[in-house]
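Dumped data-v8.txt below, it's compact mmCIF, C-alpha atoms:
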```txt
# COMPACT_ATOMS: atom_id res chain seq x y z
CA MET A 1293 13.75 -10.07 5.62
CA LEU A 1294 12.65 -6.53 6.42
CA GLY A 1295 10.50 -7.93 9.22
CA VAL A 1296 13.69 -9.18 10.92
CA VAL A 1297 15.09 -5.64 11.05
CA VAL A 1298 11.90 -3.66 11.56
CA ASN A 1299 8.85 -4.86 13.51
CA LEU A 1300 6.03 -4.73 10.94
CA ASN A 1301 3.46 -6.56 13.06
CA HIS A 1302 1.32 -3.53 13.85
CA PRO A 1303 -1.10 -1.19 12.06
CA ALA A 1304 0.55 1.32 9.71
CA HIS A 1305 1.79 4.65 11.10
CA PHE A 1306 0.44 7.77 9.38
CA VAL A 1307 1.50 11.38 9.04
CA HIS A 1308 -1.34 13.86 9.19
CA TRP A 1309 -0.94 17.57 8.36
CA GLY A 1310 -4.33 19.26 7.86
CA PHE A 1311 -5.97 17.69 4.82
CA PHE A 1312 -2.81 15.71 4.01
CA GLN A 1313 -2.70 12.14 5.30
CA MET A 1314 -0.32 9.41 4.19
CA SER A 1315 1.20 6.24 5.60
CA ILE A 1316 4.87 6.48 6.59
CA SER A 1317 5.75 3.65 4.21
CA ASN A 1318 4.22 5.47 1.21
CA LEU A 1319 5.89 8.72 2.26
CA ILE A 1320 9.28 6.96 2.45
CA ALA A 1321 8.73 5.39 -1.00
CA ILE A 1322 7.97 8.82 -2.53
CA ILE A 1323 10.99 10.42 -0.85
CA VAL A 1324 13.25 7.61 -2.13
CA MET A 1325 11.83 8.09 -5.64
CA LEU A 1326 12.65 11.82 -5.50
CA VAL A 1327 16.17 11.06 -4.26
CA VAL A 1328 16.75 8.48 -7.03
CA PHE A 1329 15.36 10.92 -9.61
CA ALA A 1330 17.74 13.65 -8.48
CA ALA A 1331 20.66 11.20 -8.40
CA ALA A 1332 19.84 9.99 -11.93
CA ILE A 1333 20.14 13.55 -13.21
CA LEU A 1334 23.21 14.58 -11.21
CA LEU A 1335 25.41 11.47 -11.14
CA PRO A 1336 27.76 10.95 -14.11
CA PHE A 1337 27.12 7.89 -16.26
CA PRO A 1338 30.05 5.46 -15.90
CA GLY A 1339 32.36 5.25 -18.89
CA HIS A 1340 30.66 8.04 -20.82
CA ARG A 1341 33.49 10.58 -20.53
CA ARG A 1342 36.14 7.95 -21.22
CA ARG A 1343 34.51 6.73 -24.45
CA GLY A 1344 33.45 10.10 -25.83
CA GLY A 1345 31.47 10.47 -29.04
CA ALA A 1346 28.64 8.10 -29.85
CA SER A 1347 28.27 5.30 -27.36
CA MET B 789 17.46 -25.31 -62.49
CA SER B 790 17.28 -21.52 -62.43
CA ALA B 791 18.48 -19.29 -65.22
CA ALA B 792 21.32 -17.90 -63.03
CA ALA B 793 22.50 -21.40 -62.10
CA ALA B 794 22.39 -22.39 -65.78
CA GLY B 795 24.68 -19.45 -66.62
CA GLY B 796 21.96 -17.19 -67.98
CA PRO B 797 20.92 -13.77 -66.65
CA PRO B 798 19.36 -13.73 -63.14
CA ALA B 799 15.59 -13.91 -63.08
CA ALA B 800 13.85 -10.63 -62.26
CA GLU B 801 12.32 -10.30 -58.75
CA PRO B 802 8.65 -11.19 -59.08
CA ALA B 803 6.34 -8.23 -58.52
CA MET B 804 4.65 -8.19 -55.08
CA LYS B 805 1.07 -9.31 -55.29
CA PRO B 806 -1.41 -6.83 -53.74
CA THR B 807 -2.18 -8.95 -50.67
CA TRP B 808 -2.72 -7.60 -47.15
CA THR B 809 0.22 -9.62 -45.86
CA GLY B 810 2.50 -8.13 -48.52
CA ARG B 811 1.32 -4.60 -47.82
CA LEU B 812 1.68 -5.16 -44.06
CA ARG B 813 5.24 -6.46 -44.51
CA ALA B 814 6.16 -3.52 -46.74
CA ALA B 815 4.68 -1.01 -44.27
CA ALA B 816 6.43 -2.66 -41.29
CA LEU B 817 9.79 -2.70 -43.09
CA HIS B 818 9.32 0.94 -44.06
CA ARG B 819 8.58 2.05 -40.48
CA TRP B 820 10.87 -0.38 -38.69
CA PRO B 821 13.82 -1.43 -40.85
CA PRO B 822 15.95 -3.97 -38.93
CA GLU B 823 18.68 -1.44 -38.01
CA ARG B 824 16.02 0.81 -36.46
CA LEU B 825 14.07 -1.99 -34.77
CA LEU B 826 17.16 -3.48 -33.11
CA PRO B 827 19.80 -0.73 -33.06
CA ASP B 828 23.33 -1.47 -31.83
CA VAL B 829 24.23 2.17 -31.18
CA GLN B 830 22.42 5.04 -29.46
CA PRO B 831 23.05 8.81 -29.49
CA THR B 832 25.64 10.15 -27.05
CA TYR B 833 23.01 11.88 -24.92
CA VAL B 834 21.49 8.50 -23.98
CA ALA B 835 24.56 7.91 -21.75
CA SER B 836 22.76 9.29 -18.69
CA TRP B 837 21.15 7.54 -15.73
CA ILE B 838 17.80 9.21 -16.44
CA TYR B 839 17.56 7.19 -19.67
CA VAL B 840 17.93 3.90 -17.79
CA PHE B 841 14.53 3.84 -16.09
CA GLY B 842 12.52 2.79 -19.15
CA ALA B 843 14.63 -0.35 -19.50
CA LEU B 844 14.41 -0.95 -15.72
CA SER B 845 10.60 -0.73 -15.98
CA LEU B 846 10.66 -3.32 -18.76
CA ALA B 847 12.91 -5.62 -16.69
CA SER B 848 10.54 -5.33 -13.71
CA LEU B 849 7.59 -6.09 -15.98
CA VAL B 850 9.28 -9.25 -17.24
CA VAL B 851 9.86 -10.47 -13.65
CA THR B 852 6.27 -9.56 -12.78
CA VAL B 853 4.85 -11.57 -15.69
CA LEU B 854 7.10 -14.59 -15.05
CA SER B 855 6.40 -14.73 -11.30
CA GLY B 856 2.69 -14.08 -11.88
CA SER B 857 2.57 -16.93 -14.40
CA VAL B 858 3.99 -19.30 -11.80
CA LEU B 859 1.43 -18.10 -9.22
CA ALA B 860 -1.40 -18.60 -11.72
CA LEU B 861 -0.22 -22.14 -12.44
CA LYS B 862 0.11 -23.15 -8.78
CA GLY B 863 -2.85 -21.40 -7.15
CA PRO B 864 -3.67 -19.77 -3.77
CA GLY B 865 -3.12 -22.92 -1.70
CA TRP B 866 0.48 -22.98 -2.93
CA TRP B 867 1.32 -19.27 -2.62
CA HIS B 868 -0.13 -19.09 0.92
CA PHE B 869 1.06 -22.34 2.47
CA THR B 870 4.48 -23.27 1.02
CA SER B 871 7.82 -21.56 1.50
CA VAL B 872 8.56 -21.47 -2.25
CA GLY B 873 5.05 -20.13 -2.81
CA HIS B 874 5.70 -17.36 -0.29
CA PHE B 875 8.93 -16.50 -2.07
CA ILE B 876 7.36 -16.33 -5.55
CA ASN B 877 4.41 -14.39 -4.13
CA SER B 878 6.80 -11.86 -2.58
CA THR B 879 8.86 -11.74 -5.79
CA HIS B 880 5.70 -10.87 -7.70
CA MET B 881 4.72 -8.15 -5.24
CA TRP B 882 8.18 -6.53 -5.12
CA ALA B 883 8.56 -6.73 -8.91
CA VAL B 884 5.32 -4.74 -9.20
CA GLU B 885 6.57 -2.26 -6.57
CA LEU B 886 9.78 -1.77 -8.57
CA PHE B 887 7.82 -1.57 -11.85
CA PHE B 888 5.85 1.40 -10.54
CA PHE B 889 8.93 2.87 -8.81
CA PHE B 890 10.93 2.87 -12.05
CA MET B 891 7.95 3.82 -14.22
CA VAL B 892 7.19 6.91 -12.12
CA ILE B 893 10.82 8.10 -12.32
CA HIS B 894 10.77 7.35 -16.09
CA LEU B 895 7.58 9.43 -16.35
CA TRP B 896 9.07 12.32 -14.33
CA GLY B 897 12.20 12.32 -16.47
CA LYS B 898 10.27 12.31 -19.73
CA TYR B 899 7.83 14.96 -18.51
CA TRP B 900 10.60 17.39 -17.56
CA MET B 901 12.41 16.88 -20.86
CA ALA B 902 9.11 17.33 -22.79
CA ALA B 903 9.41 13.93 -24.43
CA TRP B 904 6.50 14.61 -26.79
CA ARG B 905 8.75 16.87 -28.90
CA GLY B 906 9.76 15.98 -32.47
CA GLY B 907 6.61 14.12 -33.46
CA ARG B 908 6.70 11.90 -30.38
CA ALA B 909 3.18 12.70 -29.13
CA ARG B 910 2.05 9.08 -29.60
CA VAL B 911 5.13 7.84 -27.72
CA TRP B 912 4.22 10.05 -24.77
CA MET B 913 0.51 9.18 -24.89
CA SER B 914 1.08 5.44 -25.13
CA GLY B 915 3.36 5.64 -22.08
CA ALA B 916 0.84 7.69 -20.12
CA VAL B 917 -2.01 5.31 -20.97
CA THR B 918 0.18 2.35 -20.00
CA PHE B 919 0.69 3.93 -16.58
CA LEU B 920 -3.06 4.48 -16.16
CA VAL B 921 -3.96 0.90 -17.19
CA ALA B 922 -1.21 -0.58 -15.00
CA ILE B 923 -2.82 0.94 -11.88
CA PRO B 924 -6.07 -1.14 -11.97
CA CYS B 925 -3.96 -4.10 -13.13
CA ALA B 926 -2.04 -3.88 -9.85
CA LEU B 927 -5.05 -3.01 -7.67
CA THR B 928 -7.00 -6.07 -8.89
CA GLY B 929 -4.01 -8.08 -7.63
CA TYR B 930 -4.61 -6.77 -4.11
CA VAL B 931 -8.17 -8.16 -4.17
CA SER B 932 -7.03 -11.47 -5.73
CA GLN B 933 -4.78 -12.50 -2.84
CA GLN B 934 -7.38 -14.78 -1.19
CA ASN B 935 -6.72 -13.55 2.36
CA PHE B 936 -8.13 -11.10 4.94
CA ASP B 937 -6.19 -8.24 3.34
CA ALA B 938 -7.99 -8.86 0.04
CA GLN B 939 -11.36 -9.06 1.86
CA TRP B 940 -10.75 -5.77 3.64
CA ILE B 941 -9.61 -3.95 0.50
CA SER B 942 -12.44 -5.32 -1.68
CA THR B 943 -15.19 -4.46 0.81
CA GLN B 944 -13.79 -0.94 1.20
CA ALA B 945 -13.26 -0.45 -2.54
CA LYS B 946 -16.73 -1.72 -3.51
CA ASP B 947 -18.23 1.23 -1.63
CA ALA B 948 -16.09 3.63 -3.64
CA PHE B 949 -17.12 1.98 -6.92
CA ASN B 950 -20.80 1.89 -5.92
CA SER B 951 -20.68 5.56 -4.94
CA VAL B 952 -19.71 6.52 -8.50
CA GLY B 953 -22.24 4.15 -10.08
CA ILE B 954 -19.98 1.54 -11.65
CA GLY B 955 -20.28 -1.17 -9.01
CA ALA B 956 -22.53 -3.23 -11.29
CA PHE B 957 -19.74 -3.49 -13.87
CA PHE B 958 -16.76 -3.90 -11.52
CA ASN B 959 -17.78 -5.98 -8.51
CA LEU B 960 -14.77 -5.83 -6.21
CA THR B 961 -16.10 -8.67 -4.04
CA ASN B 962 -16.39 -11.02 -7.05
CA PHE B 963 -13.10 -12.94 -6.90
CA GLY B 964 -13.61 -14.60 -10.31
CA GLN B 965 -14.17 -11.27 -12.04
CA MET B 966 -11.25 -9.54 -10.32
CA TYR B 967 -8.90 -12.48 -10.91
CA SER B 968 -9.82 -12.54 -14.62
CA TYR B 969 -9.08 -8.83 -14.84
CA HIS B 970 -5.80 -9.30 -12.98
CA VAL B 971 -4.34 -12.30 -14.81
CA LEU B 972 -5.76 -11.87 -18.32
CA LEU B 973 -7.58 -8.73 -19.47
CA LEU B 974 -5.46 -5.99 -17.88
CA PRO B 975 -2.04 -7.71 -18.30
CA VAL B 976 -2.81 -8.25 -22.00
CA ALA B 977 -3.69 -4.55 -22.26
CA VAL B 978 -0.51 -3.50 -20.41
CA LEU B 979 1.73 -5.76 -22.50
CA GLY B 980 0.09 -4.57 -25.73
CA LEU B 981 0.54 -0.94 -24.75
CA VAL B 982 4.14 -1.49 -23.67
CA GLY B 983 4.85 -3.25 -26.98
CA ALA B 984 3.33 -0.35 -28.91
CA HIS B 985 5.27 2.13 -26.75
CA VAL B 986 8.60 0.40 -27.43
CA LEU B 987 7.87 0.17 -31.17
CA LEU B 988 7.05 3.89 -31.23
CA VAL B 989 10.30 4.67 -29.40
CA ARG B 990 12.15 2.62 -32.03
CA ARG B 991 10.25 4.43 -34.80
CA HIS B 992 10.93 7.97 -33.58
CA GLY B 993 14.17 7.46 -31.63
CA VAL B 994 14.99 8.39 -28.04
CA VAL B 995 14.06 11.98 -27.28
CA PRO B 996 17.10 14.30 -27.00
CA PRO B 997 17.54 16.45 -23.86
CA LEU B 998 16.32 20.03 -23.93
CA GLU B 999 18.84 22.52 -25.28
CA ARG B 1000 19.89 25.14 -22.77
CA GLY B 1001 18.31 28.53 -23.48
CA ARG B 1002 16.05 27.30 -26.28
CA VAL B 1003 12.33 28.01 -25.99
CA ILE B 1004 10.11 25.04 -26.81
CA GLY B 1005 8.10 25.63 -29.96
CA SER B 1006 10.33 28.43 -31.22
```
Can you present the structure in this file as structure tokens?
Amino acid sequence: MLGVVVNLNHPAHFVHWGFFQMSISNLIAIIVMLVVFAAAILLPFPGHRRRGGAS
Amino acid sequence: MSAAAAGGPPAAEPAMKPTWTGRLRAAALHRWPPERLLPDVQPTYVASWIYVFGALSLASLVVTVLSGSVLALKGPGWWHFTSVGHFINSTHMWAVELFFFFMVIHLWGKYWMAAWRGGRARVWMSGAVTFLVAIPCALTGYVSQQNFDAQWISTQAKDAFNSVGIGAFFNLTNFGQMYSYHVLLLPVAVLGLVGAHVLLVRRHGVVPPLERGRVIGS
């Protein structure tokens, strides 16, 4: 499905800063993990405030 | 007919014989009484998204095991050359991706809330070891694909293993050995560790969040 949207039929692209080297796909996965981690801490849990007390 | 049914006093409970099964049952019931093993309520602080990622990891693991079982039953000719085989193969791969995605966020969350507090050191250690064992479990899957990708990865990885002197024990180019590790030895280890981890969480309860302004260990 992703191949329909993005052409994946080529060698991986890499970022390279000094000693640091990583494929773009791995870098995106790590960034998404950090975003989801931050969202999990910051976003309110649905229904928690309404119920109150022990859930 | 029993004494109670006959109208007499109820018979006394027979004393437990000192067998290993009896002692094991008594110990298990002491550590995991039913209401603790399968609780129907959780503390208020569990109502947070950061507490969801352990369960998401478990759900991903279930999909991984189910899809992997189908792949093991059908074989490489099926997963490479049929449309349903492609789908199950992709399901297996993405379930593993999500397993590690959720497990890493679960690990970050537990690390930053110092989840080893309150006598939970074994809970933390069992989770950390599960993560470490899951890595070779997934990597042996890469070299079990039966395609050029697997050949490339195995021939590159064998040099790394040989360079540290363990190539004689883990031969990355030996498909039979890697497949056995991937579908039996390492999954059994991961499932056993996850089972122990969940039982320890049930035993000690979900770790509470850190209290604002309180110094750990004080």
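Using all atoms listed in the file for every distance, the candidate list B:Leu812, B:Leu886, B:Leu861, B:Ile941 yields B:Leu886 as the residue closest to chain A.
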Between chain B and chain A, at 7 Å or less, what are the per-residue closest atom pairs and their distances in Å? Count all atoms listed in the file, order by chain and rising residue number, and return it as JSON lines.
```
{"residue": "B:Val829", "atom": "CA", "partner": "A:Ser1347", "partner_atom": "CA", "distance": 6.4}
{"residue": "B:Gln830", "atom": "CA", "partner": "A:Ser1347", "partner_atom": "CA", "distance": 6.2}
{"residue": "B:Pro831", "atom": "CA", "partner": "A:Ala1346", "partner_atom": "CA", "distance": 5.6}
{"residue": "B:Thr832", "atom": "CA", "partner": "A:Ala1346", "partner_atom": "CA", "distance": 4.6}
{"residue": "B:Ala835", "atom": "CA", "partner": "A:Phe1337", "partner_atom": "CA", "distance": 6.1}
{"residue": "B:Ser836", "atom": "CA", "partner": "A:Phe1337", "partner_atom": "CA", "distance": 5.2}
{"residue": "B:Trp837", "atom": "CA", "partner": "A:Ala1332", "partner_atom": "CA", "distance": 4.7}
{"residue": "B:Ile838", "atom": "CA", "partner": "A:Ala1332", "partner_atom": "CA", "distance": 5.0}
{"residue": "B:Phe889", "atom": "CA", "partner": "A:Met1325", "partner_atom": "CA", "distance": 6.8}
{"residue": "B:Ile893", "atom": "CA", "partner": "A:Phe1329", "partner_atom": "CA", "distance": 6.0}
```
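Among the candidate residues B:Phe949, B:Trp820, B:Trp896, B:Tyr833, the one lying nearest to B:Gly915 is B:Trp896, with distances computed using all atoms listed in the file.
Shortest separation to B:Val921 among B:Gly856, B:Gly980, B:Pro821, B:Pro996 occurs at residue B:Gly980, atoms counted being only C-alpha atoms.
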Using Å and a single decimal, report how far atom CA of B:His970 sits from atom CA of B:Thr928. 5.3 Å
Given the point (-1.1, -5.5, -10.7) in the coordinates of this file, which residues lie within 9 Å, counting all atoms listed in the file, and how would they look as a PDB file with C-alpha atoms, keeping the file's coordinate frame?
```
ATOM      1  CA  THR B 852       6.270  -9.560 -12.780  1.00  0.00           C
ATOM      2  CA  MET B 881       4.720  -8.150  -5.240  1.00  0.00           C
ATOM      3  CA  VAL B 884       5.320  -4.740  -9.200  1.00  0.00           C
ATOM      4  CA  ALA B 922      -1.210  -0.580 -15.000  1.00  0.00           C
ATOM      5  CA  ILE B 923      -2.820   0.940 -11.880  1.00  0.00           C
ATOM      6  CA  PRO B 924      -6.070  -1.140 -11.970  1.00  0.00           C
ATOM      7  CA  CYS B 925      -3.960  -4.100 -13.130  1.00  0.00           C
ATOM      8  CA  ALA B 926      -2.040  -3.880  -9.850  1.00  0.00           C
ATOM      9  CA  LEU B 927      -5.050  -3.010  -7.670  1.00  0.00           C
ATOM     10  CA  THR B 928      -7.000  -6.070  -8.890  1.00  0.00           C
ATOM     11  CA  GLY B 929      -4.010  -8.080  -7.630  1.00  0.00           C
ATOM     12  CA  TYR B 930      -4.610  -6.770  -4.110  1.00  0.00           C
ATOM     13  CA  HIS B 970      -5.800  -9.300 -12.980  1.00  0.00           C
ATOM     14  CA  VAL B 971      -4.340 -12.300 -14.810  1.00  0.00           C
ATOM     15  CA  LEU B 974      -5.460  -5.990 -17.880  1.00  0.00           C
ATOM     16  CA  PRO B 975      -2.040  -7.710 -18.300  1.00  0.00           C
TER      17      PRO B 975
END
```
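Pairwise distance (atom CA of B:Pro997, atom CA of B:Tyr839) equals 10.2 Å.
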Could you rebuild stretch 885-915 of chain B with N, CA and C atoms and give it back as a compact mmCIF listing (two decimals), keeping the file's coordinate frame?
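Now in out.txt:
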```txt
# COMPACT_ATOMS: atom_id res chain seq x y z
N GLU B 885 6.15 -3.48 -7.26
CA GLU B 885 6.57 -2.26 -6.57
C GLU B 885 7.67 -1.56 -7.37
N LEU B 886 8.66 -2.35 -7.81
CA LEU B 886 9.78 -1.77 -8.57
C LEU B 886 9.31 -1.28 -9.94
N PHE B 887 8.36 -2.00 -10.55
CA PHE B 887 7.82 -1.57 -11.85
C PHE B 887 7.25 -0.16 -11.73
N PHE B 888 6.44 0.07 -10.70
CA PHE B 888 5.85 1.40 -10.54
C PHE B 888 6.91 2.42 -10.10
N PHE B 889 7.84 1.99 -9.25
CA PHE B 889 8.93 2.87 -8.81
C PHE B 889 9.70 3.39 -10.02
N PHE B 890 10.14 2.48 -10.88
CA PHE B 890 10.93 2.87 -12.05
C PHE B 890 10.07 3.62 -13.07
N MET B 891 8.81 3.18 -13.22
CA MET B 891 7.95 3.82 -14.22
C MET B 891 7.64 5.27 -13.85
N VAL B 892 7.47 5.54 -12.54
CA VAL B 892 7.19 6.91 -12.12
C VAL B 892 8.41 7.79 -12.37
N ILE B 893 9.61 7.30 -12.07
CA ILE B 893 10.82 8.10 -12.32
C ILE B 893 11.01 8.29 -13.83
N HIS B 894 10.73 7.25 -14.62
CA HIS B 894 10.77 7.35 -16.09
C HIS B 894 9.80 8.44 -16.55
N LEU B 895 8.60 8.44 -15.97
CA LEU B 895 7.58 9.43 -16.35
C LEU B 895 8.03 10.84 -15.96
N TRP B 896 8.57 11.00 -14.74
CA TRP B 896 9.07 12.32 -14.33
C TRP B 896 10.15 12.81 -15.30
N GLY B 897 11.10 11.93 -15.59
CA GLY B 897 12.20 12.32 -16.47
C GLY B 897 11.70 12.76 -17.84
N LYS B 898 10.78 11.98 -18.40
CA LYS B 898 10.27 12.31 -19.73
C LYS B 898 9.39 13.55 -19.71
N TYR B 899 8.66 13.75 -18.61
CA TYR B 899 7.83 14.96 -18.51
C TYR B 899 8.71 16.21 -18.50
N TRP B 900 9.77 16.19 -17.69
CA TRP B 900 10.60 17.39 -17.56
C TRP B 900 11.51 17.62 -18.76
N MET B 901 11.68 16.60 -19.62
CA MET B 901 12.41 16.88 -20.86
C MET B 901 11.44 16.99 -22.05
N ALA B 902 10.13 17.14 -21.76
CA ALA B 902 9.11 17.33 -22.79
C ALA B 902 9.26 16.29 -23.90
N ALA B 903 9.09 15.03 -23.53
CA ALA B 903 9.41 13.93 -24.43
C ALA B 903 8.45 13.79 -25.60
N TRP B 904 7.43 14.64 -25.65
CA TRP B 904 6.50 14.61 -26.79
C TRP B 904 7.00 15.45 -27.96
N ARG B 905 8.20 16.05 -27.82
CA ARG B 905 8.75 16.87 -28.90
C ARG B 905 9.13 16.01 -30.11
N GLY B 906 9.26 16.65 -31.27
CA GLY B 906 9.76 15.98 -32.47
C GLY B 906 8.85 14.90 -33.00
N GLY B 907 7.54 15.12 -32.93
CA GLY B 907 6.61 14.12 -33.46
C GLY B 907 6.45 12.90 -32.58
N ARG B 908 6.76 13.05 -31.29
CA ARG B 908 6.70 11.90 -30.38
C ARG B 908 5.45 11.93 -29.50
N ALA B 909 4.40 12.60 -29.95
CA ALA B 909 3.18 12.70 -29.13
C ALA B 909 2.61 11.31 -28.82
N ARG B 910 2.61 10.42 -29.83
CA ARG B 910 2.05 9.08 -29.60
C ARG B 910 2.94 8.27 -28.65
N VAL B 911 4.23 8.52 -28.67
CA VAL B 911 5.13 7.84 -27.72
C VAL B 911 4.74 8.23 -26.30
N TRP B 912 4.58 9.54 -26.09
CA TRP B 912 4.22 10.05 -24.77
C TRP B 912 2.85 9.53 -24.34
N MET B 913 1.88 9.58 -25.26
CA MET B 913 0.51 9.18 -24.89
C MET B 913 0.42 7.68 -24.61
N SER B 914 1.12 6.88 -25.38
CA SER B 914 1.08 5.44 -25.13
C SER B 914 1.71 5.11 -23.77
N GLY B 915 2.76 5.84 -23.40
CA GLY B 915 3.36 5.64 -22.08
C GLY B 915 2.42 6.06 -20.96
```
